[in-house]
$ cat upload08.cif   # mmCIF, C-alpha atoms and all ligand atoms
data_data
loop_
_atom_site.label_atom_id
_atom_site.label_comp_id
_atom_site.auth_asym_id
_atom_site.auth_seq_id
_atom_site.Cartn_x
_atom_site.Cartn_y
_atom_site.Cartn_z
CA MET A 193 0.00 0.00 0.00
CA THR A 194 1.27 3.49 -0.84
CA ARG A 195 1.12 6.02 1.91
CA GLU A 196 1.75 9.73 1.51
CA MET A 197 1.56 12.08 4.43
CA ARG A 198 2.05 15.81 4.09
CA GLY A 199 2.60 18.66 6.53
CA THR A 200 3.64 22.31 6.25
CA ALA A 201 4.95 24.77 8.83
CA SER A 202 6.34 28.31 8.88
CA ALA A 203 8.84 29.60 11.44
CA CYS A 204 10.61 32.92 11.96
CA SER A 205 14.32 33.30 12.55
CA ASN A 206 15.49 34.87 15.81
CA ILE A 207 18.20 37.24 17.01
CA ALA A 208 20.03 36.31 20.20
CA LEU A 209 20.29 39.12 22.76
CA ILE A 210 22.31 36.78 25.01
CA LYS A 211 24.30 34.48 22.75
CA TYR A 212 24.72 30.75 22.35
CA TRP A 213 28.36 30.31 21.39
CA GLY A 214 30.06 27.11 22.55
CA LYS A 215 28.57 23.68 23.21
CA ARG A 216 28.70 21.09 25.95
CA ASP A 217 27.57 18.40 23.51
CA PHE A 218 27.89 18.52 19.74
CA THR A 219 25.51 15.67 18.84
CA ASP A 220 22.41 17.04 20.54
CA ASN A 221 23.51 20.73 20.51
CA ILE A 222 23.57 21.18 24.27
CA PRO A 223 24.92 24.70 24.87
CA LEU A 224 27.50 25.83 27.42
CA ASN A 225 25.10 28.54 28.61
CA GLY A 226 21.54 29.76 28.41
CA SER A 227 20.57 32.34 25.78
CA LEU A 228 17.75 34.79 25.14
CA SER A 229 16.30 35.90 21.82
CA MET A 230 13.67 37.89 20.01
CA THR A 231 11.81 36.06 17.24
CA LEU A 232 12.03 38.03 13.96
CA SER A 233 8.75 38.78 12.17
CA GLN A 234 10.18 39.34 8.68
CA ALA A 235 12.56 36.41 8.34
CA THR A 236 10.41 33.33 7.76
CA THR A 237 11.07 29.85 6.44
CA THR A 238 8.16 27.74 5.16
CA THR A 239 8.72 24.01 4.78
CA THR A 240 6.59 21.15 3.47
CA VAL A 241 7.45 17.54 4.28
CA ILE A 242 5.89 14.54 2.55
CA TRP A 243 6.68 11.12 3.96
CA ASP A 244 6.45 8.89 0.91
CA ASP A 245 7.30 5.19 0.86
CA THR A 246 7.41 5.10 -2.96
CA LEU A 247 10.62 7.18 -2.92
CA SER A 248 13.97 5.39 -2.94
CA GLN A 249 15.68 8.26 -1.13
CA ASP A 250 14.96 11.73 0.28
CA GLU A 251 14.41 14.57 -2.18
CA ILE A 252 15.26 18.01 -0.80
CA TYR A 253 14.38 21.30 -2.51
CA LEU A 254 15.61 24.64 -1.12
CA ASP A 255 14.22 27.86 -2.61
CA GLY A 256 12.89 25.90 -5.60
CA GLU A 257 16.02 23.92 -6.47
CA ARG A 258 16.87 20.31 -5.72
CA VAL A 259 19.94 20.22 -3.49
CA LEU A 260 22.39 17.32 -3.56
CA ASP A 261 25.19 18.94 -1.55
CA GLY A 262 25.94 19.13 2.18
CA ARG A 263 22.78 21.14 2.88
CA GLY A 264 20.61 18.28 1.60
CA LEU A 265 22.68 15.78 3.55
CA ARG A 266 22.17 17.76 6.75
CA VAL A 267 18.40 17.64 6.24
CA SER A 268 18.51 13.87 5.50
CA ARG A 269 20.66 13.16 8.57
CA TYR A 270 18.17 15.12 10.64
CA LEU A 271 15.24 13.18 9.18
CA ASP A 272 17.15 9.98 10.07
CA ARG A 273 16.84 10.95 13.73
CA ILE A 274 13.08 11.31 13.39
CA ARG A 275 12.93 8.06 11.40
CA ALA A 276 14.83 6.26 14.15
CA ASP A 277 11.90 6.94 16.49
CA TYR A 278 8.96 7.10 14.06
CA TYR A 279 8.30 6.28 10.39
CA ARG A 280 11.11 4.77 8.42
CA MET A 281 10.11 6.08 5.00
CA PRO A 282 11.92 8.60 2.77
CA ALA A 283 10.66 12.15 2.48
CA ARG A 284 10.24 14.86 -0.12
CA VAL A 285 11.04 18.22 1.48
CA ALA A 286 10.63 21.71 0.04
CA SER A 287 11.68 24.85 1.87
CA MET A 288 11.42 28.55 0.97
CA ASN A 289 12.85 31.55 2.80
CA SER A 290 11.07 34.91 2.81
CA PHE A 291 14.48 36.57 2.81
CA PRO A 292 17.07 36.12 0.06
CA ALA A 293 19.56 33.25 0.52
CA GLY A 294 23.15 34.14 1.34
CA THR A 295 22.31 37.37 3.15
CA GLY A 296 23.75 36.09 6.39
CA ILE A 297 20.38 36.11 8.15
CA ALA A 298 20.34 32.92 10.21
CA SER A 299 18.22 30.57 8.15
CA SER A 300 19.18 27.49 10.17
CA ALA A 301 17.08 28.72 13.12
CA SER A 302 13.88 29.25 11.12
CA GLY A 303 14.81 26.33 8.85
CA PHE A 304 15.07 23.64 11.50
CA ALA A 305 12.11 24.95 13.52
CA ALA A 306 9.97 24.73 10.36
CA LEU A 307 11.43 21.38 9.25
CA ALA A 308 10.91 19.70 12.63
CA THR A 309 7.34 20.98 12.89
CA ALA A 310 6.43 20.09 9.28
CA ALA A 311 7.93 16.60 9.69
CA PHE A 312 5.69 15.91 12.69
CA ALA A 313 2.64 17.61 11.14
CA ALA A 314 3.08 15.26 8.16
CA MET A 315 2.63 12.25 10.42
CA GLY A 316 -0.99 13.23 10.83
CA GLU A 317 -0.99 12.40 14.51
CA GLU A 318 -1.26 14.63 17.54
CA MET A 319 1.64 17.11 17.57
CA PRO A 320 4.22 16.80 20.35
CA SER A 321 4.06 19.59 22.96
CA ASP A 322 5.82 22.92 22.24
CA THR A 323 8.49 21.94 24.75
CA GLU A 324 9.09 18.66 22.96
CA MET A 325 9.23 20.55 19.63
CA THR A 326 11.95 22.83 21.05
CA ARG A 327 13.99 19.66 21.70
CA TRP A 328 13.46 18.41 18.13
CA ALA A 329 14.36 21.80 16.62
CA ARG A 330 17.50 22.05 18.80
CA ARG A 331 18.75 18.67 17.55
CA GLY A 332 18.81 20.20 14.03
CA SER A 333 20.42 23.54 14.94
CA GLY A 334 20.78 24.84 18.48
CA SER A 335 19.33 28.30 17.94
CA ALA A 336 16.30 26.74 16.17
CA CYS A 337 14.81 25.74 19.54
CA ARG A 338 14.16 29.43 20.27
CA SER A 339 12.22 29.83 16.99
CA ILE A 340 9.47 27.44 18.13
CA HIS A 341 8.14 30.27 20.29
CA GLY A 342 7.17 33.83 19.37
CA GLY A 343 8.15 37.04 21.12
CA PHE A 344 10.99 36.86 23.64
CA VAL A 345 12.41 33.42 24.34
CA GLU A 346 14.87 31.87 26.77
CA TRP A 347 16.77 28.68 26.01
CA LEU A 348 17.32 26.90 29.31
CA PRO A 349 20.66 25.22 28.67
CA GLY A 350 20.17 22.07 30.75
CA THR A 351 22.90 19.47 30.72
CA SER A 352 21.43 16.82 28.43
CA ASP A 353 18.99 16.18 25.60
CA ALA A 354 16.20 15.74 28.13
CA ASP A 355 16.43 19.08 29.92
CA SER A 356 17.71 21.52 27.26
CA THR A 357 14.52 23.30 26.10
CA ALA A 358 13.25 26.77 25.21
CA VAL A 359 10.49 28.70 26.97
CA GLN A 360 8.62 31.86 26.05
CA LEU A 361 9.32 34.83 28.36
CA ALA A 362 6.87 37.25 26.70
CA GLY A 363 4.63 37.09 23.64
CA GLU A 364 5.10 39.06 20.42
CA ASP A 365 2.69 41.81 21.50
CA PHE A 366 4.47 42.45 24.79
CA TRP A 367 6.88 45.07 23.45
CA ASP A 368 7.02 46.73 20.02
CA LEU A 369 10.80 46.61 19.86
CA ARG A 370 12.27 46.83 16.35
CA ASP A 371 15.31 45.07 14.90
CA LEU A 372 16.48 46.67 11.66
CA VAL A 373 18.82 44.15 10.07
CA VAL A 374 21.31 46.02 7.90
CA LEU A 375 22.82 43.78 5.21
CA VAL A 376 26.36 45.11 5.27
CA SER A 377 27.90 42.29 3.24
CA ARG A 378 26.62 39.21 1.42
CA ALA A 379 30.00 37.46 1.27
CA PRO A 380 29.86 33.86 2.55
CA LYS A 381 31.29 33.27 6.03
CA ALA A 382 34.89 32.06 6.18
CA ILE A 383 34.16 30.07 9.35
CA SER A 384 30.79 28.33 9.70
CA SER A 385 28.91 28.56 12.96
CA SER A 386 29.38 24.83 13.65
CA GLU A 387 33.15 25.31 13.36
CA GLY A 388 32.87 28.53 15.41
CA HIS A 389 31.17 26.69 18.29
CA LYS A 390 34.10 24.24 18.44
CA ILE A 391 36.72 26.99 18.45
CA ALA A 392 34.78 28.92 21.12
CA THR A 393 34.37 25.88 23.37
CA ARG A 394 38.15 25.50 23.71
CA HIS A 395 38.81 29.28 23.93
CA PRO A 396 40.72 30.35 27.08
CA PHE A 397 38.27 33.26 27.68
CA MET A 398 35.28 30.93 27.77
CA ALA A 399 35.58 30.06 31.46
CA ALA A 400 35.51 33.76 32.40
CA ARG A 401 32.52 34.34 30.11
CA GLN A 402 30.62 31.53 31.82
CA GLU A 403 31.18 33.19 35.18
CA LEU A 404 29.82 36.53 33.94
CA LEU A 405 26.79 35.20 32.13
CA PRO A 406 24.33 34.30 34.92
CA ALA A 407 24.26 37.90 36.21
CA ARG A 408 24.01 39.31 32.67
CA MET A 409 21.16 36.91 31.85
CA LEU A 410 19.26 37.94 34.95
CA ALA A 411 19.72 41.65 34.18
CA THR A 412 18.68 41.12 30.55
CA LYS A 413 15.52 39.27 31.54
CA GLY A 414 14.72 42.10 33.95
CA ALA A 415 15.24 44.72 31.22
CA VAL A 416 12.92 42.84 28.82
CA ALA A 417 10.29 42.47 31.56
CA ALA A 418 10.50 46.23 32.25
CA ARG A 419 10.61 47.10 28.50
CA ASP A 420 13.69 49.14 29.40
CA LEU A 421 15.63 49.69 26.16
CA MET A 422 18.44 51.76 27.72
CA THR A 423 19.33 48.95 30.13
CA LEU A 424 18.70 46.19 27.62
CA GLY A 425 20.73 47.90 24.89
CA ALA A 426 23.82 48.37 27.06
CA LEU A 427 23.76 44.68 28.08
CA VAL A 428 23.15 43.48 24.54
CA GLU A 429 26.00 45.52 23.02
CA GLN A 430 28.42 44.27 25.65
CA GLU A 431 27.27 40.72 24.98
CA ALA A 432 27.66 41.00 21.19
CA LEU A 433 31.15 42.49 21.46
CA GLU A 434 32.18 39.85 23.98
CA MET A 435 31.12 37.09 21.58
CA HIS A 436 33.04 38.77 18.75
CA ALA A 437 36.09 39.19 20.99
CA ILE A 438 36.08 35.41 21.45
CA MET A 439 35.51 34.88 17.72
CA MET A 440 38.31 37.16 16.60
CA SER A 441 40.82 35.86 19.12
CA GLY A 442 40.10 32.15 18.57
CA GLN A 443 42.33 29.57 16.88
CA PRO A 444 41.67 29.95 14.01
CA ALA A 445 40.36 33.50 14.30
CA ALA A 446 37.01 34.53 12.80
CA LEU A 447 36.91 38.19 11.84
CA TYR A 448 33.26 38.50 10.85
CA MET A 449 33.08 42.30 11.01
CA GLN A 450 33.61 44.20 7.76
CA PRO A 451 34.51 47.90 7.41
CA GLY A 452 30.79 48.67 6.95
CA THR A 453 29.99 46.86 10.20
CA LEU A 454 32.35 49.08 12.21
CA LYS A 455 31.20 52.22 10.42
CA LEU A 456 27.64 51.50 11.49
CA LEU A 457 28.57 50.53 15.08
CA HIS A 458 30.42 53.84 15.55
CA ALA A 459 27.51 55.77 14.03
CA ILE A 460 25.02 54.07 16.35
CA ARG A 461 27.10 55.10 19.36
CA ALA A 462 27.29 58.69 18.06
CA TRP A 463 23.52 58.83 17.44
CA ARG A 464 23.00 57.67 21.00
CA GLU A 465 25.25 60.46 22.31
CA ASP A 466 22.92 62.75 20.33
CA GLY A 467 19.95 61.43 22.31
CA LEU A 468 18.54 58.81 19.92
CA PRO A 469 17.93 55.55 21.86
CA VAL A 470 19.43 53.02 19.45
CA PHE A 471 21.65 49.98 20.06
CA PHE A 472 23.20 47.12 18.10
CA THR A 473 23.80 43.44 18.27
CA LEU A 474 25.63 41.10 15.88
CA ASP A 475 25.35 37.49 14.83
CA ALA A 476 28.18 35.31 13.51
CA GLY A 477 28.53 37.58 10.49
CA PRO A 478 29.04 41.16 9.30
CA ASN A 479 25.39 42.30 9.35
CA VAL A 480 24.25 44.67 12.05
CA HIS A 481 21.01 44.24 13.99
CA VAL A 482 19.90 47.74 15.00
CA LEU A 483 17.54 47.80 17.98
CA CYS A 484 15.17 50.68 18.72
CA GLU A 485 11.63 51.47 19.83
CA SER A 486 8.98 51.48 17.05
CA ARG A 487 8.50 55.25 17.37
CA ASP A 488 12.17 55.84 16.54
CA ALA A 489 12.38 53.31 13.69
CA PRO A 490 11.70 55.80 10.84
CA GLU A 491 14.43 58.16 12.12
CA VAL A 492 16.88 55.28 12.63
CA ARG A 493 16.17 53.95 9.14
CA ALA A 494 16.67 57.42 7.60
CA ARG A 495 20.02 57.82 9.35
CA ILE A 496 21.22 54.38 8.20
CA GLU A 497 20.15 55.14 4.62
CA GLN A 498 21.97 58.45 4.71
CA LEU A 499 25.14 56.94 6.19
CA MET A 500 25.26 53.88 3.93
CA PRO A 501 23.03 54.42 0.87
CA GLY A 502 21.83 51.39 -1.05
CA LEU A 503 22.07 48.75 1.67
CA SER A 504 19.04 46.50 2.23
CA ILE A 505 17.35 46.90 5.60
CA LEU A 506 14.96 44.26 6.92
CA GLU A 507 12.78 45.74 9.65
CA ASN A 508 11.50 43.21 12.17
CA ARG A 509 9.21 43.37 15.13
CA ALA A 510 8.82 40.48 17.56
CA GLY A 511 7.45 37.66 15.45
CA PRO A 512 5.14 34.72 16.13
CA GLY A 513 6.07 31.16 17.01
CA VAL A 514 6.01 28.30 14.52
CA ARG A 515 2.66 27.65 12.77
CA VAL A 516 1.30 24.56 11.02
CA HIS A 517 -0.86 25.45 7.98
CA GLU A 518 -2.21 24.18 4.68
CA ASP A 519 -0.37 26.39 2.16
CA HIS A 520 1.75 23.47 1.04
CA LEU A 521 4.82 23.98 -1.17
CA LEU A 522 4.48 20.45 -2.65
O1 LIG B 1 22.33 27.48 15.95
P1 LIG B 1 23.70 27.74 15.42
O2 LIG B 1 24.59 26.56 15.54
O3 LIG B 1 23.64 28.29 14.00
O4 LIG B 1 24.41 28.87 16.31
C1 LIG B 1 23.95 30.19 16.38
C2 LIG B 1 24.97 31.07 16.98
C3 LIG B 1 24.67 32.55 17.03
O5 LIG B 1 23.71 32.89 16.04
C4 LIG B 1 25.95 33.30 16.72
C5 LIG B 1 24.19 32.99 18.40
C6 LIG B 1 22.80 32.58 18.78
O6 LIG B 1 22.57 32.41 19.99
O7 LIG B 1 21.92 32.49 17.90
#

$ encode --input "upload08.cif" --output "structure tokens"
Amino acid sequence: MTREMRGTASACSNIALIKYWGKRDFTDNIPLNGSLSMTLSQATTTTTVIWDDTLSQDEIYLDGERVLDGRGLRVSRYLDRIRADYYRMPARVASMNSFPAGTGIASSASGFAALATAAFAAMGEEMPSDTEMTRWARRGSGSACRSIHGGFVEWLPGTSDADSTAVQLAGEDFWDLRDLVVLVSRAPKAISSSEGHKIATRHPFMAARQELLPARMLATKGAVAARDLMTLGALVEQEALEMHAIMMSGQPAALYMQPGTLKLLHAIRAWREDGLPVFFTLDAGPNVHVLCESRDAPEVRARIEQLMPGLSILENRAGPGVRVHEDHLL
């Protein structure tokens, strides 16, 4: 008998305010420390999974093209983990990003949150709990566990696959904070984030960072709860620069910042001196995430456009958690 079971899900990417950089376990993506993120409304991945026992192997399509390289292999290996516990049949998978590929916006977070959810939706049985879905997303890519939830999210690090899960701190309507992602450079990363996690884990500064983080996490959660951008922004900038200090002094070193990155960071600090409440954070790449209140977003955007004309800016608010729906891609 032929069986075909289909499911589709959409998930938003997220930006870490407190970063996940370094792992305790590389198979299940158990982090060295907890992290905290905002889900990004404008950076969505939609994925359809069809479990199909007439296929001889998985077929993976990303942004409309069949992929046979390492990206497809990563998806297949991930599906193997689900197959080990559930159905053993091959799958056809199609995935589309709302943002252009190769922009450096983390697509693995939205990608694995959507893939995990679509894979379970396609089984046609009751969905696992949100907490269980954060575990499944994490096994694909650590930061993906935070994209299961909307709004502001904490990843509780735990020490094992069983207790490393993400929880929502506040929903997407709690605070109309904006993250203007400025696409400073589209050049591919010289050091991937999986390699970066390994280098960071053995970095001599990492022990000191782990000592500082619990207090910073507590203060950051307090600033989110109080919707206090001045406090939050100072913590988040320190955190981003600390992560980059570890990146750029690792063996081998990862110098993700480009000249445009630094130009914008200096400008943001000058605008703040001028009285405009605006802050930055960075991912493992050259793009700058510019944080401000919604009422200041038009002014912040105008200043960025004047400083660096022609760059794409993706303006996000806090986005929703993962959704299962019927707008299938296959
Ligand atoms: O989930 P990964 O393995 O792509 O790691 C993400 C790492 C950072 O984006 C740099 C930080 C974070 O917490 O998202």

$ closest_residue --input "upload08.cif" --among "A:Pro444, A:Pro380, A:Gly350, A:Gly388" --to "ligand LIG 1 (chain B)" --atoms "all atoms listed in the file"
A:Gly388

$ closest_residue --input "upload08.cif" --among "A:Ala510, A:Ala379, A:Val428, A:Met319" --to "ligand LIG 1 (chain B)" --atoms "only C-alpha atoms and all ligand atoms"
A:Val428

$ residues_near_ligand --input "upload08.cif" --ligand "ligand LIG 1 (chain B)" --cutoff "9 Å" --atoms "all atoms listed in the file" --output "PyMOL selection string"
chain A and resi 206-214+221+226-229+298-301+330+332-338+384-389+435+474-477

$ write_last_selection --input "upload08.cif" --atoms "C-alpha atoms" --output "PDB file, in the coordinates of the input"
ATOM      1  CA  ASN A 206      15.490  34.870  15.810  1.00  0.00           C
ATOM      2  CA  ILE A 207      18.200  37.240  17.010  1.00  0.00           C
ATOM      3  CA  ALA A 208      20.030  36.310  20.200  1.00  0.00           C
ATOM      4  CA  LEU A 209      20.290  39.120  22.760  1.00  0.00           C
ATOM      5  CA  ILE A 210      22.310  36.780  25.010  1.00  0.00           C
ATOM      6  CA  LYS A 211      24.300  34.480  22.750  1.00  0.00           C
ATOM      7  CA  TYR A 212      24.720  30.750  22.350  1.00  0.00           C
ATOM      8  CA  TRP A 213      28.360  30.310  21.390  1.00  0.00           C
ATOM      9  CA  GLY A 214      30.060  27.110  22.550  1.00  0.00           C
ATOM     10  CA  ASN A 221      23.510  20.730  20.510  1.00  0.00           C
ATOM     11  CA  GLY A 226      21.540  29.760  28.410  1.00  0.00           C
ATOM     12  CA  SER A 227      20.570  32.340  25.780  1.00  0.00           C
ATOM     13  CA  LEU A 228      17.750  34.790  25.140  1.00  0.00           C
ATOM     14  CA  SER A 229      16.300  35.900  21.820  1.00  0.00           C
ATOM     15  CA  ALA A 298      20.340  32.920  10.210  1.00  0.00           C
ATOM     16  CA  SER A 299      18.220  30.570   8.150  1.00  0.00           C
ATOM     17  CA  SER A 300      19.180  27.490  10.170  1.00  0.00           C
ATOM     18  CA  ALA A 301      17.080  28.720  13.120  1.00  0.00           C
ATOM     19  CA  ARG A 330      17.500  22.050  18.800  1.00  0.00           C
ATOM     20  CA  GLY A 332      18.810  20.200  14.030  1.00  0.00           C
ATOM     21  CA  SER A 333      20.420  23.540  14.940  1.00  0.00           C
ATOM     22  CA  GLY A 334      20.780  24.840  18.480  1.00  0.00           C
ATOM     23  CA  SER A 335      19.330  28.300  17.940  1.00  0.00           C
ATOM     24  CA  ALA A 336      16.300  26.740  16.170  1.00  0.00           C
ATOM     25  CA  CYS A 337      14.810  25.740  19.540  1.00  0.00           C
ATOM     26  CA  ARG A 338      14.160  29.430  20.270  1.00  0.00           C
ATOM     27  CA  SER A 384      30.790  28.330   9.700  1.00  0.00           C
ATOM     28  CA  SER A 385      28.910  28.560  12.960  1.00  0.00           C
ATOM     29  CA  SER A 386      29.380  24.830  13.650  1.00  0.00           C
ATOM     30  CA  GLU A 387      33.150  25.310  13.360  1.00  0.00           C
ATOM     31  CA  GLY A 388      32.870  28.530  15.410  1.00  0.00           C
ATOM     32  CA  HIS A 389      31.170  26.690  18.290  1.00  0.00           C
ATOM     33  CA  MET A 435      31.120  37.090  21.580  1.00  0.00           C
ATOM     34  CA  LEU A 474      25.630  41.100  15.880  1.00  0.00           C
ATOM     35  CA  ASP A 475      25.350  37.490  14.830  1.00  0.00           C
ATOM     36  CA  ALA A 476      28.180  35.310  13.510  1.00  0.00           C
ATOM     37  CA  GLY A 477      28.530  37.580  10.490  1.00  0.00           C
TER      38      GLY A 477
END

$ residues_near_point --input "upload08.cif" --point "(19.2, 50.3, 8.0)" --cutoff "6 Å" --atoms "all atoms listed in the file" --output "number ranges by chain"
A: 372, 374, 493, 496-497, 505

$ atom_distance --input "upload08.cif" --atom1 "atom CA of Glu485 of chain A" --atom2 "atom CA of Ser202 of chain A"
26.2 Å

$ atom_distance --input "upload08.cif" --atom1 "atom CA of Ile222 of chain A" --atom2 "atom CA of Pro349 of chain A"
6.6 Å

$ closest_residue --input "upload08.cif" --among "A:Arg275, A:Pro282, A:Phe397, A:Ser268" --to "Asp245 of chain A" --atoms "all atoms listed in the file"
A:Pro282

$ residues_around --input "upload08.cif" --residues "segment 400-402 of chain A" --least-positions-apart "5" --cutoff "9 Å" --atoms "all atoms listed in the file" --output "number ranges by chain"
A: 224-225, 434

$ write_last_selection --input "upload08.cif" --atoms "C-alpha atoms" --output "PDB file, keeping the file's coordinate frame"
ATOM      1  CA  LEU A 224      27.500  25.830  27.420  1.00  0.00           C
ATOM      2  CA  ASN A 225      25.100  28.540  28.610  1.00  0.00           C
ATOM      3  CA  GLU A 434      32.180  39.850  23.980  1.00  0.00           C
TER       4      GLU A 434
END

$ closest_residue --input "upload08.cif" --among "A:Leu232, A:Val514, A:Ala358, A:Ile252" --to "Ala308 of chain A" --atoms "only C-alpha atoms"
A:Val514

$ closest_residue --input "upload08.cif" --among "A:Met409, A:Leu271, A:Ala310, A:Ala203" --to "Glu346 of chain A" --atoms "all atoms listed in the file"
A:Met409

$ atom_distance --input "upload08.cif" --atom1 "atom CA of Asn508 of chain A" --atom2 "atom CA of Leu457 of chain A"
18.8 Å

$ residues_near_point --input "upload08.cif" --point "(9.5, 26.0, 17.6)" --cutoff "6 Å" --atoms "only C-alpha atoms" --output "ChimeraX atom specification"
/A:305,325-326,337,339-341,514

$ residues_around --input "upload08.cif" --residues "segment 278-280 of chain A" --least-positions-apart "5" --cutoff "9 Å" --atoms "all atoms listed in the file" --output "ChimeraX atom specification"
/A:243,245,272-273,315

$ write_last_selection --input "upload08.cif" --atoms "C-alpha atoms" --output "compact mmCIF listing (two decimals), in the frame of the given file"
# COMPACT_ATOMS: atom_id res chain seq x y z
CA TRP A 243 6.68 11.12 3.96
CA ASP A 245 7.30 5.19 0.86
CA ASP A 272 17.15 9.98 10.07
CA ARG A 273 16.84 10.95 13.73
CA MET A 315 2.63 12.25 10.42

$ closest_residue --input "upload08.cif" --among "A:Arg284, A:Arg487, A:Lys455, A:Arg331" --to "Val376 of chain A" --atoms "only C-alpha atoms"
A:Lys455

$ axis_aligned_box --input "upload08.cif" --around "segment 425-437 of chain A" --padding-each-side "3 Å" --output "AutoDock Vina command-line options"
--center_x 28.4 --center_y 42.7 --center_z 23.4 --size_x 21.4 --size_y 17.3 --size_z 15.3

$ residues_around --input "upload08.cif" --residues "segment 417-424 of chain A" --least-positions-apart "3" --cutoff "9 Å" --atoms "all atoms listed in the file" --output "list in words"
Leu209, Leu361, Ala362, Phe366, Trp367, Leu369, Ala411, Thr412, Lys413, Gly414, Leu427, Val428, Glu429, Pro469, Val470, Phe471, Leu483, Cys484 and Glu485 of chain A
